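Pasted below: model-v3.txt, compact mmCIF, C-alpha atoms.
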# COMPACT_ATOMS: atom_id res chain seq x y z
CA MET S 152 128.92 67.74 108.72
CA ASN S 153 127.33 70.92 107.53
CA THR S 154 130.71 72.39 106.88
CA GLU S 155 131.68 69.38 104.82
CA GLN S 156 128.56 69.65 102.72
CA GLY S 157 129.16 73.31 102.09
CA GLN S 158 132.75 72.70 100.99
CA MET S 159 131.78 69.83 98.76
CA GLU S 160 129.14 71.89 97.09
CA SER S 161 131.44 74.79 96.39
CA GLU S 162 134.13 72.50 95.06
CA GLN S 163 132.14 70.41 92.64
CA PRO S 164 128.80 71.81 91.56
CA GLY S 165 127.05 69.01 89.70
CA ASP S 166 123.89 67.07 90.31
CA ASP S 167 124.12 67.98 93.96
CA SER S 168 123.53 71.63 93.20
CA VAL S 169 120.08 70.87 91.77
CA VAL S 170 119.08 69.04 94.93
CA GLU S 171 120.64 71.82 96.96
CA THR S 172 118.67 74.45 95.05
CA LEU S 173 115.42 72.55 95.48
CA THR S 174 116.12 72.18 99.19
CA GLY S 175 116.79 75.90 99.35
CA LEU S 176 113.48 76.63 97.62
CA GLY S 177 111.71 74.29 100.04
CA ARG S 178 113.26 76.13 102.97
CA GLY S 179 112.11 79.36 101.38
CA PHE S 180 108.51 78.14 101.32
CA GLY S 181 108.89 76.93 104.87
CA GLY S 182 110.22 80.30 105.95
CA ALA S 183 107.49 82.21 104.15
CA LEU S 184 104.89 80.04 105.85
CA LEU S 185 106.50 80.25 109.26
CA PHE S 186 106.88 84.01 109.20
CA ALA S 187 103.71 85.06 107.42
CA LEU S 188 101.17 82.56 108.76
CA PRO S 189 100.07 84.85 111.61
CA LEU S 190 99.37 87.55 109.01
CA PHE S 191 97.49 85.20 106.68
CA MET S 192 95.10 84.61 109.58
CA THR S 193 94.65 88.25 110.54
CA MET S 194 91.43 89.75 109.22
CA GLU S 195 92.75 93.31 109.15
CA MET S 196 95.32 92.09 106.62
CA TRP S 197 92.52 90.84 104.34
CA TRP S 198 90.73 94.16 104.65
CA LEU S 199 93.90 96.04 103.86
CA GLY S 200 93.84 94.18 100.56
CA PHE S 201 90.88 96.22 99.40
CA TYR S 202 91.02 99.49 101.29
CA MET S 203 94.73 100.16 101.33
CA ASP S 204 95.89 103.15 99.30
CA ARG S 205 97.23 101.72 96.04
CA SER S 206 100.15 104.13 95.69
CA ARG S 207 101.32 103.21 99.20
CA LEU S 208 100.95 99.52 98.42
CA LEU S 209 103.02 100.00 95.28
CA LEU S 210 105.67 101.89 97.24
CA LEU S 211 105.80 99.07 99.81
CA LEU S 212 106.23 96.48 97.06
CA LEU S 213 108.92 98.56 95.33
CA LEU S 214 110.83 99.15 98.57
CA ASN S 215 110.66 95.42 99.19
CA ILE S 216 112.91 94.77 96.18
CA PRO S 217 116.09 96.58 97.34
CA LEU S 218 115.37 95.37 100.85
CA LEU S 219 115.35 91.75 99.69
CA ILE S 220 118.48 92.30 97.60
CA VAL S 221 120.44 93.65 100.57
CA LEU S 222 118.97 91.03 102.87
CA SER S 223 119.95 88.32 100.41
CA HIS S 224 123.51 89.56 100.69
CA HIS S 225 123.39 88.96 104.44
CA ALA S 226 121.24 85.85 104.63
CA GLY S 227 120.21 84.22 101.42
CA PHE S 228 119.57 80.93 99.72
CA GLU S 229 123.26 80.51 99.24
CA LYS S 230 126.45 82.42 99.72
CA THR S 231 126.31 85.17 97.14
CA LYS S 232 129.29 86.59 95.35
CA CYS S 233 127.91 89.46 93.32
CA TRP S 234 124.87 91.71 93.24
CA TRP S 235 123.49 89.76 90.29
CA ASP S 236 123.16 86.68 92.54
CA ASP S 237 121.46 88.82 95.16
CA LEU S 238 119.07 90.20 92.58
CA ARG S 239 118.21 86.67 91.47
CA ASP S 240 117.72 85.49 95.05
CA ALA S 241 115.53 88.50 95.82
CA GLY S 242 113.44 87.64 92.77
CA ILE S 243 113.13 84.04 93.94
CA ALA S 244 112.11 85.17 97.43
CA PHE S 245 109.51 87.55 95.99
CA GLY S 246 108.16 84.73 93.84
CA ILE S 247 108.04 82.29 96.75
CA GLY S 248 106.26 84.91 98.87
CA LEU S 249 103.74 85.54 96.12
CA THR S 250 103.08 81.85 95.50
CA THR S 251 102.77 81.06 99.20
CA CYS S 252 100.33 83.96 99.73
CA GLY S 253 98.18 82.99 96.77
CA ALA S 254 98.10 79.33 97.77
CA ILE S 255 97.41 79.84 101.48
CA LEU S 256 94.80 82.56 100.99
CA ALA S 257 93.05 80.39 98.40
CA VAL S 258 93.09 77.31 100.64
CA LEU S 259 91.73 79.33 103.55
CA GLY S 260 88.81 80.37 101.36
CA LEU S 261 89.75 84.04 101.49
CA LEU S 262 89.87 84.44 97.73
CA ASP S 263 86.52 84.32 96.05
CA PRO S 264 85.67 84.38 92.34
CA ALA S 265 83.07 87.02 93.18
CA MET S 266 85.83 89.41 94.27
CA THR S 267 87.25 91.87 91.81
CA ALA S 268 90.74 91.31 90.45
CA ASP S 269 91.78 94.48 92.26
CA GLU S 270 90.76 93.04 95.62
CA ILE S 271 92.35 89.64 95.04
CA ILE S 272 95.62 91.14 93.83
CA GLY S 273 95.61 93.63 96.68
CA LYS S 274 95.07 90.89 99.26
CA ILE S 275 97.91 88.81 97.91
CA ALA S 276 100.25 91.76 97.35
CA VAL S 277 100.03 93.15 100.87
CA GLN S 278 100.83 89.72 102.33
CA THR S 279 103.67 89.11 99.89
CA VAL S 280 106.05 91.55 101.58
CA PRO S 281 106.33 89.77 104.96
CA ALA S 282 106.15 86.37 103.22
CA SER S 283 109.06 87.18 100.91
CA ILE S 284 111.17 88.44 103.82
CA GLY S 285 110.25 85.21 105.60
CA ALA S 286 111.31 83.21 102.56
CA LEU S 287 114.78 84.77 102.63
CA LEU S 288 115.15 84.54 106.39
CA GLY S 289 113.74 81.03 106.49
CA SER S 290 116.22 79.75 103.97
CA SER S 291 119.07 81.02 106.10
CA GLN S 292 117.65 80.25 109.53
CA LEU S 293 116.20 76.82 108.80
CA GLY S 294 119.10 75.82 106.61
CA THR S 295 122.71 74.93 107.00
CA ASP S 296 124.01 78.37 107.68
CA SER S 297 126.98 77.66 109.90
CA VAL S 298 129.43 78.43 107.10
CA ASP S 299 127.61 81.56 106.06
CA ALA S 300 127.33 82.85 109.60
CA GLU S 301 131.07 82.64 110.10
CA GLU S 302 131.75 84.42 106.83
CA LEU S 303 129.28 87.14 107.64
CA SER S 304 130.41 88.05 111.13
CA GLU S 305 133.80 88.98 109.70
CA THR S 306 132.37 91.25 107.05
CA GLN S 307 129.57 92.69 109.11
CA THR S 308 130.00 96.39 109.27
CA TYR S 309 128.14 98.93 111.33
CA LEU S 310 125.72 99.70 108.52
CA SER S 311 124.84 96.07 107.98
CA GLN S 312 124.06 95.81 111.69
CA LEU S 313 121.72 98.79 111.33
CA PHE S 314 120.16 97.21 108.27
CA LEU S 315 119.50 94.00 110.18
CA MET S 316 117.89 96.03 112.97
CA CYS S 317 115.73 97.70 110.32
CA ILE S 318 114.65 94.27 109.00
CA GLY S 319 113.85 93.03 112.49
CA ALA S 320 111.84 96.16 113.28
CA LEU S 321 110.01 95.97 109.97
CA PHE S 322 109.25 92.33 110.43
CA LEU S 323 107.77 92.45 113.91
CA GLY S 324 106.18 95.81 113.07
CA LEU S 325 104.45 94.44 109.99
CA ASN S 326 103.15 91.54 112.03
CA VAL S 327 101.27 93.66 114.53
CA ALA S 328 100.70 96.97 112.72
CA PRO S 329 97.59 95.97 110.76
CA THR S 330 95.65 94.97 113.87
CA GLU S 331 93.02 97.26 115.34
CA GLU S 332 94.62 96.79 118.74
CA MET S 333 97.60 98.99 117.84
CA VAL S 334 95.45 102.08 117.51
CA LEU S 335 93.08 101.04 120.29
CA ILE S 336 96.01 100.80 122.72
CA SER S 337 97.17 104.25 121.67
CA TYR S 338 93.66 105.63 122.38
CA LYS S 339 93.74 104.19 125.86
CA MET S 340 97.18 105.57 126.60
CA THR S 341 97.94 109.05 127.84
CA GLU S 342 101.11 110.96 126.94
CA TRP S 343 102.61 109.85 130.25
CA HIS S 344 102.08 106.23 129.32
CA ALA S 345 103.84 106.96 126.03
CA VAL S 346 106.88 108.44 127.79
CA ALA S 347 107.03 105.39 130.06
CA LEU S 348 106.74 103.08 127.05
CA ILE S 349 109.62 104.85 125.26
CA ALA S 350 111.83 104.37 128.33
CA LEU S 351 110.74 100.75 128.66
CA SER S 352 111.41 100.07 124.96
CA ILE S 353 114.93 101.47 125.19
CA ILE S 354 115.69 99.53 128.40
CA VAL S 355 114.31 96.28 126.96
CA MET S 356 116.21 96.81 123.74
CA HIS S 357 119.50 97.49 125.51
CA GLY S 358 119.02 94.63 127.94
CA PHE S 359 118.09 92.27 125.14
CA THR S 360 121.20 92.91 123.07
CA TYR S 361 123.58 93.55 125.92
CA ALA S 362 122.61 90.59 128.07
CA LEU S 363 122.55 88.16 125.18
CA GLU S 364 125.67 89.51 123.53
CA PHE S 365 127.78 88.01 126.28
CA SER S 366 126.74 84.54 125.24
CA GLY S 367 126.09 85.53 121.63
CA THR S 368 128.29 85.67 118.58
CA ALA S 369 129.31 89.27 118.03
CA PRO S 370 130.15 91.10 121.28
CA MET S 371 130.75 94.83 121.29
CA PRO S 372 134.39 95.68 120.68
CA GLU S 373 136.41 97.55 123.31
CA ARG S 374 134.18 100.61 123.28
CA GLY S 375 132.34 100.25 126.54
CA ARG S 376 128.72 100.29 127.61
CA TRP S 377 127.89 103.89 126.82
CA ALA S 378 129.17 103.55 123.27
CA ALA S 379 127.05 100.42 122.88
CA PHE S 380 124.07 102.33 124.21
CA PHE S 381 124.47 105.30 121.89
CA PHE S 382 125.72 103.59 118.75
CA PHE S 383 123.34 100.65 118.85
CA THR S 384 120.46 101.02 121.29
CA VAL S 385 119.52 104.66 120.64
CA VAL S 386 120.13 104.29 116.92
CA GLY S 387 118.17 101.04 116.94
CA TYR S 388 115.25 102.67 118.70
CA ALA S 389 115.26 105.57 116.26
CA ILE S 390 115.18 103.01 113.43
CA ALA S 391 112.30 101.18 115.15
CA ILE S 392 110.32 104.42 115.46
CA CYS S 393 110.97 105.45 111.84
CA VAL S 394 109.98 101.99 110.61
CA SER S 395 106.85 102.15 112.79
CA LEU S 396 105.88 105.52 111.36
CA TYR S 397 106.42 104.25 107.82
CA VAL S 398 104.33 101.12 108.44
CA LEU S 399 101.55 103.14 110.11
CA TRP S 400 101.52 105.55 107.19
CA THR S 401 101.49 102.67 104.70
CA PHE S 402 98.48 101.08 106.40
CA GLY S 403 96.66 104.41 106.55
CA ARG S 404 96.77 104.67 110.33
CA THR S 405 98.05 108.22 110.26
CA GLN S 406 95.17 109.49 108.13
CA ASP S 407 93.63 112.65 109.60
CA ALA S 408 95.15 111.89 113.00
CA SER S 409 96.71 114.53 115.22
CA TRP S 410 100.49 114.50 115.65
CA THR S 411 100.16 113.56 119.30
CA GLN S 412 98.04 110.57 118.35
CA ILE S 413 100.46 109.55 115.61
CA MET S 414 103.44 109.76 117.98
CA ILE S 415 101.68 107.71 120.67
CA THR S 416 100.73 105.05 118.12
CA ALA S 417 104.36 105.07 116.91
CA THR S 418 105.58 104.38 120.46
CA VAL S 419 103.06 101.51 120.75
CA LEU S 420 104.20 99.94 117.49
CA GLY S 421 107.77 100.97 118.29
CA PHE S 422 107.80 98.61 121.25
CA PRO S 423 107.52 95.35 119.28
CA ALA S 424 109.62 96.93 116.51
CA ALA S 425 112.38 97.69 119.03
CA VAL S 426 112.31 94.12 120.31
CA GLY S 427 112.43 92.90 116.71
CA ALA S 428 115.38 95.17 115.96
CA ALA S 429 117.29 93.99 119.01
CA ALA S 430 116.54 90.34 118.31
CA ALA S 431 117.53 90.64 114.65
CA ARG S 432 121.08 91.62 115.60
CA LEU S 433 121.42 88.46 117.63
CA ILE S 434 119.56 86.02 115.43
CA LEU S 435 120.52 87.03 111.90
CA MET P 73 147.43 105.58 122.04
CA LYS P 74 147.41 102.04 120.73
CA GLN P 75 143.95 102.57 119.30
CA ALA P 76 145.01 105.70 117.50
CA GLU P 77 147.92 103.84 115.95
CA GLN P 78 145.64 101.05 114.86
CA SER P 79 143.16 103.32 113.22
CA GLU P 80 145.97 105.11 111.43
CA ARG P 81 147.32 101.85 110.16
CA SER P 82 144.00 100.46 108.99
CA GLY P 83 143.54 103.58 106.92
CA GLU P 84 140.73 105.82 105.84
CA SER P 85 137.90 103.31 105.76
CA LYS P 86 137.86 102.86 109.50
CA LEU P 87 137.97 106.60 110.11
CA ARG P 88 135.09 107.15 107.75
CA GLY P 89 133.19 104.38 109.47
CA THR P 90 133.66 106.03 112.82
CA THR P 91 132.55 109.41 111.50
CA LEU P 92 129.55 107.78 109.93
CA GLU P 93 128.77 106.09 113.22
CA TRP P 94 128.88 109.43 114.98
CA ILE P 95 126.58 111.03 112.42
CA VAL P 96 124.09 108.18 112.59
CA ALA P 97 124.18 108.14 116.38
CA ALA P 98 123.73 111.91 116.59
CA VAL P 99 120.80 111.95 114.17
CA SER P 100 119.17 109.04 116.00
CA ALA P 101 119.66 110.63 119.39
CA ALA P 102 118.09 113.82 118.00
CA ILE P 103 115.08 111.87 116.67
CA VAL P 104 114.52 110.04 119.95
CA ALA P 105 115.02 113.20 122.01
CA ALA P 106 112.65 115.18 119.77
CA MET P 107 110.03 112.50 120.09
CA ILE P 108 110.27 112.29 123.88
CA GLY P 109 110.28 116.07 124.03
CA PHE P 110 107.18 116.32 121.86
CA VAL P 111 105.22 113.76 123.87
CA LEU P 112 106.30 115.35 127.17
CA PHE P 113 105.35 118.80 125.87
CA GLN P 114 101.91 117.48 124.92
CA ALA P 115 101.58 115.80 128.31
CA PHE P 116 102.19 119.09 130.13
CA GLN P 117 100.14 121.13 127.67
CA LYS P 118 97.06 118.95 127.90
CA ALA P 119 94.23 120.63 129.76
CA ASP P 120 90.96 119.17 128.44
CA THR P 121 90.57 115.46 129.06
CA TYR P 122 87.10 114.98 127.60
CA ALA P 123 86.09 114.29 124.03
CA ASP P 124 84.35 117.02 122.03
CA PRO P 125 82.99 115.60 118.78
CA VAL P 126 81.59 117.92 116.10
CA ALA P 127 80.74 117.30 112.46
CA VAL P 128 80.19 119.39 109.35
CA VAL P 129 78.63 118.57 105.99
CA LYS P 130 81.26 118.36 103.28
CA SER P 131 79.25 117.57 100.16
CA VAL P 132 75.91 116.34 98.84
CA THR P 133 75.86 113.98 95.82
CA PRO P 134 72.86 112.27 94.22
CA VAL P 135 73.38 108.48 94.18
CA SER P 136 71.17 105.59 93.07
CA ASP P 137 69.61 105.15 96.49
CA GLY P 138 68.96 108.80 97.25
CA TYR P 139 71.39 111.49 98.30
CA ARG P 140 74.84 110.91 99.69
CA VAL P 141 75.84 113.46 102.33
CA GLU P 142 79.52 113.31 103.18
CA ILE P 143 80.34 114.55 106.63
CA SER P 144 83.64 115.26 108.30
CA ALA P 145 83.66 114.52 112.02
CA ARG P 146 86.26 116.06 114.26
CA ASN P 147 87.16 115.62 117.89
CA ARG P 148 88.15 118.97 119.36
CA GLY P 149 88.77 117.48 122.80
CA GLY P 150 91.87 115.91 124.27
CA ALA P 151 90.38 112.44 124.86
CA THR P 152 89.43 109.80 122.32
CA ALA P 153 85.76 108.89 121.89
CA ALA P 154 84.52 105.48 120.76
CA ASN P 155 81.22 104.57 119.07
CA VAL P 156 80.48 108.20 118.31
CA LYS P 157 76.98 108.51 116.94
CA PHE P 158 75.99 111.50 114.84
CA ARG P 159 72.37 112.17 113.95
CA ALA P 160 71.33 114.41 111.09
CA GLY P 161 67.82 115.67 110.49
CA LEU P 162 66.42 117.40 107.42
CA GLN P 163 64.28 120.23 108.68
CA SER P 164 61.77 122.47 107.01
CA GLY P 165 60.05 125.19 109.01
CA GLY P 166 60.61 123.42 112.33
CA ARG P 167 59.30 120.12 110.97
CA ASN P 168 61.60 117.10 110.84
CA ILE P 169 61.34 115.52 107.36
CA GLU P 170 63.90 112.74 107.59
CA THR P 171 66.58 111.46 109.96
CA ALA P 172 69.80 109.57 109.29
CA GLU P 173 72.51 108.31 111.65
CA VAL P 174 76.15 107.37 111.36
CA THR P 175 78.43 105.81 113.99
CA PHE P 176 82.21 106.17 114.03
CA SER P 177 84.10 103.35 115.75
CA TYR P 178 86.72 105.77 117.00
CA LEU P 179 87.22 109.50 116.93
CA PRO P 180 90.73 110.10 118.33
CA SER P 181 91.58 113.37 120.05
CA HIS P 182 92.15 116.29 117.68
CA SER P 183 91.65 113.99 114.71
CA ARG P 184 89.19 113.78 111.83
CA ARG P 185 87.15 110.96 110.33
CA GLN P 186 84.95 110.93 107.23
CA GLY P 187 81.49 109.40 107.11
CA VAL P 188 78.45 109.32 104.85
CA LEU P 189 74.72 109.72 105.54
CA ILE P 190 72.13 108.71 102.98
CA PHE P 191 68.81 110.54 102.62
CA ALA P 192 65.85 109.75 100.38
CA ASN P 193 64.97 113.44 100.10
CA ASP P 194 67.29 115.99 98.57
CA PRO P 195 69.07 117.58 101.57
CA ARG P 196 69.84 120.67 99.50
CA ALA P 197 66.17 121.63 99.70
CA TYR P 198 66.20 121.60 103.51
CA SER P 199 68.37 122.73 106.38
CA ILE P 200 70.48 119.95 107.91
CA ALA P 201 70.77 119.72 111.70
CA LEU P 202 73.82 117.59 112.41
CA GLN P 203 74.99 116.78 115.90
CA ALA P 204 76.73 114.16 118.04
CA VAL P 205 74.25 112.30 120.23
CA SER P 206 76.37 109.75 122.09
CA TYR P 207 79.81 108.23 122.53
CA THR P 208 81.63 105.83 124.85
CA ALA P 209 85.11 105.81 126.34
CA PRO P 210 87.44 103.67 124.20

Since I need it in another form, could you write the structure as structure tokens?
Amino acid sequence: MNTEQGQMESEQPGDDSVVETLTGLGRGFGGALLFALPLFMTMEMWWLGFYMDRSRLLLLLLLNIPLLIVLSHHAGFEKTKCWWDDLRDAGIAFGIGLTTCGAILAVLGLLDPAMTADEIIGKIAVQTVPASIGALLGSSQLGTDSVDAEELSETQTYLSQLFLMCIGALFLGLNVAPTEEMVLISYKMTEWHAVALIALSIIVMHGFTYALEFSGTAPMPERGRWAAFFFFTVVGYAIAICVSLYVLWTFGRTQDASWTQIMITATVLGFPAAVGAAAARLIL
Amino acid sequence: MKQAEQSERSGESKLRGTTLEWIVAAVSAAIVAAMIGFVLFQAFQKADTYADPVAVVKSVTPVSDGYRVEISARNRGGATAANVKFRAGLQSGGRNIETAEVTFSYLPSHSRRQGVLIFANDPRAYSIALQAVSYTAP
């Protein structure tokens, strides 16, 4: 049935396309809500709104734009043909994220007229990034994506797989990075714990993808297990660690910290990021 | 043999892809190995497993409520300290004029944190005795 709908839509775009677009927008809001709700209700995220370094916030928002454009190419509101469509969809996702953040934060009583404009904008802006990613993902995951999924798996190259891992890592990383617990865990851990956690992350990541890939959509081609380990698991973990470091830096967690401390915190955040990266390859 | 034929037939793009894959995999393996190596090195290197908090005065600025004394706290030890309390006293000829305290939630090993003490008297007219008085394990 989904396939039929998709074909019909592509054949004769008329009144149906308006309904389709509205449905897509609705899914976007749903996705933004679904993915960013945990962050809306995290107090460290509200605090980040006023104490976060503004240049880093700006960089995060700017990086979000190309990220959404590429993501839109893989999983968007509709099957996109050119980069212009992707740009438009990224803009829509950004807008949906922004609107959702403003609305939810206002309803939860977290925006106050007594606050400065700087604080209000900061609070909304920092939440917009995960919400806009959620809007794009939601529209593909909650929607009728059976046609798109088939199209994509043919064109999915190695780099797009890595990009999806990056999105997954960023997404789960962003969800837990602002919490105090991330750094607290790293304070409680010794270097030996960190080494064990790295090994565990890699094993979990490999097991996750490898075990599920047998029943999943895109199994590894005739390269063998070791190739899968090196080309996907190790690379994926490196991506997870780099994303973790970036997120920690963005949220000011690396400020005046020793390199050992930074690396241990990166392994802590790298654990959920690695799981996110592995899951993204299977889900998206 | 068959694979080689296939890659020849499908042309340059596949070859480039494979090379790219190798580069990405090699860089990633290097990053992961460097990270594990660094953490392992630190694990073997580590000798002191107690916290050693110290603080120095960075600047004194007059503000509306008195004088703002910015301090930089540092943990020289290899363990993280929590709830680190620093006490500063303004002293003149052995007499304590005024005392102020600041507590840092966390002072990670070999890391710095900034804090501020506020005095009613001008600290520049006195000598400041600044020291850590207590901390807990995180």

Sorted by chain and rising residue number, list the residues of chain S at most 9 Å from chain P (counting all atoms listed in the file), each with its closest atom pair and distance in Å to one decimal, as CSV.
residue,atom,partner,partner_atom,distance
S:Thr308,CA,P:Gly89,CA,8.6
S:Tyr309,CA,P:Glu93,CA,7.4
S:Leu310,CA,P:Glu93,CA,8.5
S:Leu335,CA,P:Pro210,CA,7.3
S:Tyr338,CA,P:Thr152,CA,5.9
S:Lys339,CA,P:Pro210,CA,6.5
S:Thr341,CA,P:Ala115,CA,7.7
S:Glu342,CA,P:Ala115,CA,5.1
S:Trp343,CA,P:Ala115,CA,6.3
S:Ala345,CA,P:Val111,CA,7.3
S:Val346,CA,P:Ile108,CA,6.5
S:Ile349,CA,P:Ile108,CA,7.6
S:Phe381,CA,P:Ala97,CA,6.2
S:Phe382,CA,P:Ala97,CA,5.4
S:Phe383,CA,P:Ala97,CA,7.9
S:Val385,CA,P:Ala101,CA,6.1
S:Val386,CA,P:Ser100,CA,4.9
S:Gly387,CA,P:Ser100,CA,8.1
S:Tyr388,CA,P:Val104,CA,7.5
S:Ala389,CA,P:Ser100,CA,5.2
S:Ile390,CA,P:Ser100,CA,7.7
S:Ile392,CA,P:Val104,CA,8.3
S:Gln406,CA,P:Arg184,CA,8.2
S:Asp407,CA,P:Arg184,CA,5.1
S:Ala408,CA,P:Ser183,CA,4.4
S:Ser409,CA,P:Ser183,CA,5.1
S:Trp410,CA,P:His182,CA,8.8
S:Thr411,CA,P:Val111,CA,6.8
S:Gln412,CA,P:Ser181,CA,7.2
S:Met414,CA,P:Val111,CA,7.3
S:Ile415,CA,P:Val111,CA,7.7

Measuring between all atoms listed in the file, which one of S:Phe314, S:Trp377, S:Phe422, S:Phe322 shows the shortest distance to Ala347 (chain S)?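 Using all atoms listed in the file, the shortest distance to Ala347 (chain S) belongs to S:Phe422.
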
Separation of CA of Pro423 (chain S) and CA of Leu323 (chain S), in Å?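 Separation between CA of Pro423 (chain S) and CA of Leu323 (chain S): 6.1 Å.
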
Could you tell me how far CA of Ala428 (chain S) sits from CA of Ala350 (chain S), in Å to one decimal place?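 Atom-to-atom, CA of Ala350 (chain S) and CA of Ala428 (chain S) are spaced 15.8 Å apart.
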
Enclose region 147-153 of chain P, meaning all of its atoms listed in the file, in a box aligned along x, y and z, pad it by 3 Å on each side, and list the centre and edge lengths in Å to one decimal, as lines of an AutoDock Vina configuration file.
center_x = 88.8
center_y = 113.9
center_z = 121.4
size_x = 12.1
size_y = 16.1
size_z = 13.0

Please determine, counting all atoms listed in the file, which residue among S:Ile272, S:Leu249, S:Ala320, S:Leu435 has the shortest atom-to-atom distance to Tyr397 (chain S).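 Looking only at the distances to Tyr397 (chain S), the closest residue turns out to be S:Ala320.
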
Measure the distance from CA of Ile255 (chain S) to CA of Leu211 (chain S) in Å and round it to one decimal. 21.0 Å

Non-local contacts of region 137-140 of chain P (10 Å; only C-alpha atoms; under 2 positions in same chain excluded) as a list in words: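 Listing them by chain and then by number gives Ser131, Val132, Thr133, Pro134, Val135, Glu142, Ile143, Val188, Leu189, Ile190, Phe191, Ala192, Asn193, Asp194, Pro195 and Arg196 of chain P.
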
Could you check the closest approach to Thr250 (chain S) for each of S:Ala183, S:Ala424, S:Val327, S:Ala429 and tell me which residue wins, using all atoms listed in the file? S:Ala183
